[in-house]
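All remarks here apply to the structure that follows.
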Amino acid sequence: MSFRIGIGYDLHRLAANRRLVLGSVQIPHERGLSGHSDADVVLHALCDAMLGAAALGDIGELFPDTDPAFKDADSRQFVREAQRRLASTGLVVANVDLIIHAQEPRLGPWKAAIQQSLADLLDLPATSVGVKATTNEGLDAVGRADAIACWAAVLVTPQA
Ligand code: MG
């Protein structure tokens with residue numbers, strides 16, 4: 001099997017009394033993302049991109065949000081499981097590129113920390129993890145600061 005690419009997308013609502021965790025980095029903010037797990041929209045998009053690269057289904061099939069086992073779950077476990085499933089098909093992640101869409105909070109100061117966190121999680125050099133952030137210019141649910149969304153692209157290659 002040669003190079004394969006995958007894409008992932010996710011969106012979660014911003015809500016009171018929730019932690020804001022993006023790429024496994026806890027970001028101080030008056031609201032956080034709501035969801036069954038820790039609602040880490042970055043790791044969810046990444047997980048789907050990894051699974052998609054090898055046509056292994058999606059995060060909702062693997063980790064149903066109706067399963068009490070995943071209540072408030074640390075989403076790193078989803079990425080690690082996607083990594084295991086890729087490895088079982090002889091594939092490893094070569095590089096990742098992300099766009100996080102957030103009107104609030106401004107993520108510029110957090111991009112480097114998210115990049116390093118993802119590099120650590122995936123056992124990649126930071127130079128193989130692109131993290132970009134953008135607002136939605138005040139438009140739509142993200143632009144009204146009602147939600148944060150993330151797109152992820154992943155290239156996977158055969159294990160050496
Ligand atoms: Mg999600």
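Ligands are numbered from 1 in the order shown, chains are lettered A, B, ... in the order of the structure tokens, and residues start at 1 in each chain.
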
Chain A near ligand 1 within 7 Å: what's each residue's closest atom pair and its distance in Å to one decimal, counting only C-alpha atoms and all ligand atoms, ordered by chain then ascending residue number, as JSON lines?
{"residue": "A:Asp10", "atom": "CA", "partner": "ligand 1", "partner_atom_place_in_ligand_line": "1 (Mg)", "distance": 5.4}
{"residue": "A:Leu11", "atom": "CA", "partner": "ligand 1", "partner_atom_place_in_ligand_line": "1 (Mg)", "distance": 6.3}
{"residue": "A:His12", "atom": "CA", "partner": "ligand 1", "partner_atom_place_in_ligand_line": "1 (Mg)", "distance": 6.3}
{"residue": "A:Ala39", "atom": "CA", "partner": "ligand 1", "partner_atom_place_in_ligand_line": "1 (Mg)", "distance": 5.6}
{"residue": "A:Asp40", "atom": "CA", "partner": "ligand 1", "partner_atom_place_in_ligand_line": "1 (Mg)", "distance": 6.7}
{"residue": "A:Val41", "atom": "CA", "partner": "ligand 1", "partner_atom_place_in_ligand_line": "1 (Mg)", "distance": 5.3}
{"residue": "A:His44", "atom": "CA", "partner": "ligand 1", "partner_atom_place_in_ligand_line": "1 (Mg)", "distance": 5.1}

File dump, residues just selected, all heavy atoms, as a tab-separated table (two decimals), in the first residue's frame:
chain	number	residue	atom	x	y	z
A	10	ASP	N	-14.99	18.24	12.38
A	10	ASP	CA	-15.88	18.14	13.53
A	10	ASP	C	-16.24	19.54	14.01
A	10	ASP	O	-15.52	20.51	13.72
A	10	ASP	CB	-15.26	17.33	14.65
A	10	ASP	CG	-16.28	16.87	15.68
A	10	ASP	OD1	-17.48	16.78	15.34
A	10	ASP	OD2	-15.90	16.61	16.84
A	11	LEU	N	-17.33	19.63	14.72
A	11	LEU	CA	-17.81	20.88	15.31
A	11	LEU	C	-18.48	20.55	16.64
A	11	LEU	O	-19.20	19.56	16.73
A	11	LEU	CB	-18.81	21.56	14.36
A	11	LEU	CG	-19.48	22.86	14.83
A	11	LEU	CD1	-19.79	23.76	13.62
A	11	LEU	CD2	-20.78	22.59	15.59
A	12	HIS	N	-18.18	21.33	17.66
A	12	HIS	CA	-18.89	21.21	18.93
A	12	HIS	C	-19.35	22.59	19.38
A	12	HIS	O	-18.72	23.60	19.09
A	12	HIS	CB	-18.00	20.59	20.02
A	12	HIS	CG	-17.88	19.11	19.90
A	12	HIS	ND1	-18.62	18.23	20.64
A	12	HIS	CD2	-17.11	18.35	19.09
A	12	HIS	CE1	-18.30	16.98	20.32
A	12	HIS	NE2	-17.38	17.02	19.37
A	39	ALA	N	-15.01	16.45	24.27
A	39	ALA	CA	-15.43	17.32	23.16
A	39	ALA	C	-14.25	18.03	22.49
A	39	ALA	O	-14.40	19.14	21.97
A	39	ALA	CB	-16.50	18.32	23.61
A	40	ASP	N	-13.11	17.36	22.50
A	40	ASP	CA	-11.92	17.95	21.87
A	40	ASP	C	-12.07	17.85	20.34
A	40	ASP	O	-11.76	16.84	19.71
A	40	ASP	CB	-10.67	17.21	22.33
A	40	ASP	CG	-9.37	17.88	21.89
A	40	ASP	OD1	-9.37	18.51	20.81
A	40	ASP	OD2	-8.37	17.75	22.61
A	41	VAL	N	-12.58	18.93	19.78
A	41	VAL	CA	-12.97	18.96	18.36
A	41	VAL	C	-11.75	18.72	17.46
A	41	VAL	O	-11.88	18.14	16.37
A	41	VAL	CB	-13.69	20.30	18.08
A	41	VAL	CG1	-12.74	21.47	18.11
A	41	VAL	CG2	-14.48	20.27	16.81
A	44	HIS	N	-11.00	14.99	17.51
A	44	HIS	CA	-12.05	14.25	16.81
A	44	HIS	C	-11.86	14.36	15.29
A	44	HIS	O	-11.99	13.37	14.56
A	44	HIS	CB	-13.43	14.75	17.21
A	44	HIS	CG	-13.77	14.47	18.65
A	44	HIS	ND1	-14.99	14.76	19.20
A	44	HIS	CD2	-13.01	13.94	19.65
A	44	HIS	CE1	-14.99	14.41	20.48
A	44	HIS	NE2	-13.80	13.92	20.77

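When the distance limit is 12 Å and only C-alpha atoms are what count, the residues near Ala141 in chain A, minus those fewer than 6 positions from it on the same chain, are A:Leu11, A:His12, A:Arg13, A:Leu14, A:His101, A:Ala102, A:Gln103, A:Glu104, A:Thr135, A:Ala147, A:Ile148, A:Ala149.
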
Could you save the residues just selected, with all heavy atoms, as an mmCIF file, in the first residue's frame?
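Result file result-v8.cif:
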data_model
loop_
_atom_site.group_PDB
_atom_site.id
_atom_site.type_symbol
_atom_site.label_atom_id
_atom_site.label_comp_id
_atom_site.auth_asym_id
_atom_site.auth_seq_id
_atom_site.Cartn_x
_atom_site.Cartn_y
_atom_site.Cartn_z
ATOM 1 N N LEU A 11 -17.335 19.632 14.718
ATOM 2 C CA LEU A 11 -17.810 20.883 15.309
ATOM 3 C C LEU A 11 -18.476 20.549 16.636
ATOM 4 O O LEU A 11 -19.201 19.557 16.733
ATOM 5 C CB LEU A 11 -18.811 21.560 14.363
ATOM 6 C CG LEU A 11 -19.483 22.863 14.826
ATOM 7 C CD1 LEU A 11 -19.790 23.758 13.622
ATOM 8 C CD2 LEU A 11 -20.779 22.588 15.590
ATOM 9 N N HIS A 12 -18.177 21.331 17.658
ATOM 10 C CA HIS A 12 -18.889 21.212 18.931
ATOM 11 C C HIS A 12 -19.353 22.587 19.382
ATOM 12 O O HIS A 12 -18.717 23.597 19.094
ATOM 13 C CB HIS A 12 -18.000 20.590 20.015
ATOM 14 C CG HIS A 12 -17.883 19.109 19.897
ATOM 15 N ND1 HIS A 12 -18.622 18.230 20.642
ATOM 16 C CD2 HIS A 12 -17.107 18.348 19.090
ATOM 17 C CE1 HIS A 12 -18.303 16.981 20.318
ATOM 18 N NE2 HIS A 12 -17.381 17.022 19.372
ATOM 19 N N ARG A 13 -20.457 22.587 20.123
ATOM 20 C CA ARG A 13 -21.014 23.826 20.669
ATOM 21 C C ARG A 13 -20.185 24.320 21.850
ATOM 22 O O ARG A 13 -19.724 23.512 22.657
ATOM 23 C CB ARG A 13 -22.422 23.584 21.221
ATOM 24 C CG ARG A 13 -23.483 23.374 20.214
ATOM 25 C CD ARG A 13 -24.767 22.954 20.958
ATOM 26 N NE ARG A 13 -25.792 22.569 20.021
ATOM 27 C CZ ARG A 13 -26.708 23.422 19.558
ATOM 28 N NH1 ARG A 13 -26.738 24.670 19.971
ATOM 29 N NH2 ARG A 13 -27.608 23.007 18.691
ATOM 30 N N LEU A 14 -20.086 25.635 21.964
ATOM 31 C CA LEU A 14 -19.520 26.243 23.164
ATOM 32 C C LEU A 14 -20.626 26.364 24.210
ATOM 33 O O LEU A 14 -21.748 26.763 23.880
ATOM 34 C CB LEU A 14 -18.950 27.625 22.850
ATOM 35 C CG LEU A 14 -17.547 27.638 22.223
ATOM 36 C CD1 LEU A 14 -17.267 28.978 21.573
ATOM 37 C CD2 LEU A 14 -16.470 27.298 23.249
ATOM 38 N N HIS A 101 -11.357 26.486 13.417
ATOM 39 C CA HIS A 101 -12.207 27.656 13.212
ATOM 40 C C HIS A 101 -12.789 28.076 14.552
ATOM 41 O O HIS A 101 -13.576 27.327 15.135
ATOM 42 C CB HIS A 101 -13.372 27.324 12.265
ATOM 43 C CG HIS A 101 -12.949 27.011 10.877
ATOM 44 N ND1 HIS A 101 -13.145 27.873 9.833
ATOM 45 C CD2 HIS A 101 -12.334 25.928 10.355
ATOM 46 C CE1 HIS A 101 -12.674 27.336 8.720
ATOM 47 N NE2 HIS A 101 -12.180 26.157 9.005
ATOM 48 N N ALA A 102 -12.382 29.229 15.041
ATOM 49 C CA ALA A 102 -12.878 29.718 16.328
ATOM 50 C C ALA A 102 -12.941 31.243 16.292
ATOM 51 O O ALA A 102 -11.963 31.893 15.936
ATOM 52 C CB ALA A 102 -11.970 29.268 17.466
ATOM 53 N N GLN A 103 -14.106 31.777 16.654
ATOM 54 C CA GLN A 103 -14.206 33.237 16.795
ATOM 55 C C GLN A 103 -13.660 33.659 18.155
ATOM 56 O O GLN A 103 -12.974 34.656 18.280
ATOM 57 C CB GLN A 103 -15.673 33.664 16.659
ATOM 58 C CG GLN A 103 -15.859 35.137 16.367
ATOM 59 C CD GLN A 103 -15.459 35.504 14.932
ATOM 60 O OE1 GLN A 103 -15.609 34.696 14.019
ATOM 61 N NE2 GLN A 103 -14.949 36.709 14.741
ATOM 62 N N GLU A 104 -13.988 32.844 19.171
ATOM 63 C CA GLU A 104 -13.504 33.053 20.540
ATOM 64 C C GLU A 104 -13.151 31.704 21.129
ATOM 65 O O GLU A 104 -13.910 30.750 20.912
ATOM 66 C CB GLU A 104 -14.595 33.661 21.427
ATOM 67 C CG GLU A 104 -15.002 35.050 21.062
ATOM 68 C CD GLU A 104 -16.171 35.514 21.928
ATOM 69 O OE1 GLU A 104 -16.571 34.758 22.842
ATOM 70 O OE2 GLU A 104 -16.686 36.594 21.672
ATOM 71 N N THR A 135 -10.793 32.783 12.269
ATOM 72 C CA THR A 135 -12.152 33.084 12.712
ATOM 73 C C THR A 135 -13.088 32.802 11.532
ATOM 74 O O THR A 135 -12.634 32.495 10.433
ATOM 75 C CB THR A 135 -12.309 34.571 13.093
ATOM 76 O OG1 THR A 135 -12.226 35.350 11.898
ATOM 77 C CG2 THR A 135 -11.232 35.007 14.069
ATOM 78 N N ALA A 147 -19.830 27.992 18.590
ATOM 79 C CA ALA A 147 -19.223 26.687 18.314
ATOM 80 C C ALA A 147 -17.776 26.877 17.888
ATOM 81 O O ALA A 147 -17.360 27.986 17.512
ATOM 82 C CB ALA A 147 -19.998 25.972 17.196
ATOM 83 N N ILE A 148 -17.027 25.781 17.963
ATOM 84 C CA ILE A 148 -15.678 25.719 17.398
ATOM 85 C C ILE A 148 -15.646 24.496 16.484
ATOM 86 O O ILE A 148 -16.211 23.443 16.812
ATOM 87 C CB ILE A 148 -14.604 25.637 18.504
ATOM 88 C CG1 ILE A 148 -14.547 26.963 19.280
ATOM 89 C CG2 ILE A 148 -13.226 25.296 17.920
ATOM 90 C CD1 ILE A 148 -13.571 26.970 20.446
ATOM 91 N N ALA A 149 -15.002 24.652 15.329
ATOM 92 C CA ALA A 149 -14.934 23.562 14.357
ATOM 93 C C ALA A 149 -13.476 23.318 13.982
ATOM 94 O O ALA A 149 -12.599 24.161 14.218
ATOM 95 C CB ALA A 149 -15.750 23.911 13.111
#

Inset, instruction - Grab the CA of Cys47 in chain A to CA of Glu81 in chain A distance for me, in Å with one decimal place. - result: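 Answer for the CA of Cys47 in chain A to CA of Glu81 in chain A separation: 8.8 Å.
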
Inset, instruction - For Tyr9 in chain A, list every protein, DNA or RNA residue within 6 Å, evaluated using only C-alpha atoms, and leave out those in the same chain fewer than 4 positions away; present the list as JSON, numbers by chain. - result: {"A": [45, 150, 151]}

Inset, instruction - Find the residue from A:Ser24, A:Asn95, A:Thr89, A:Ser2 that sits nearest to Asp123 in chain A; use only C-alpha atoms when measuring. - result: A:Asn95
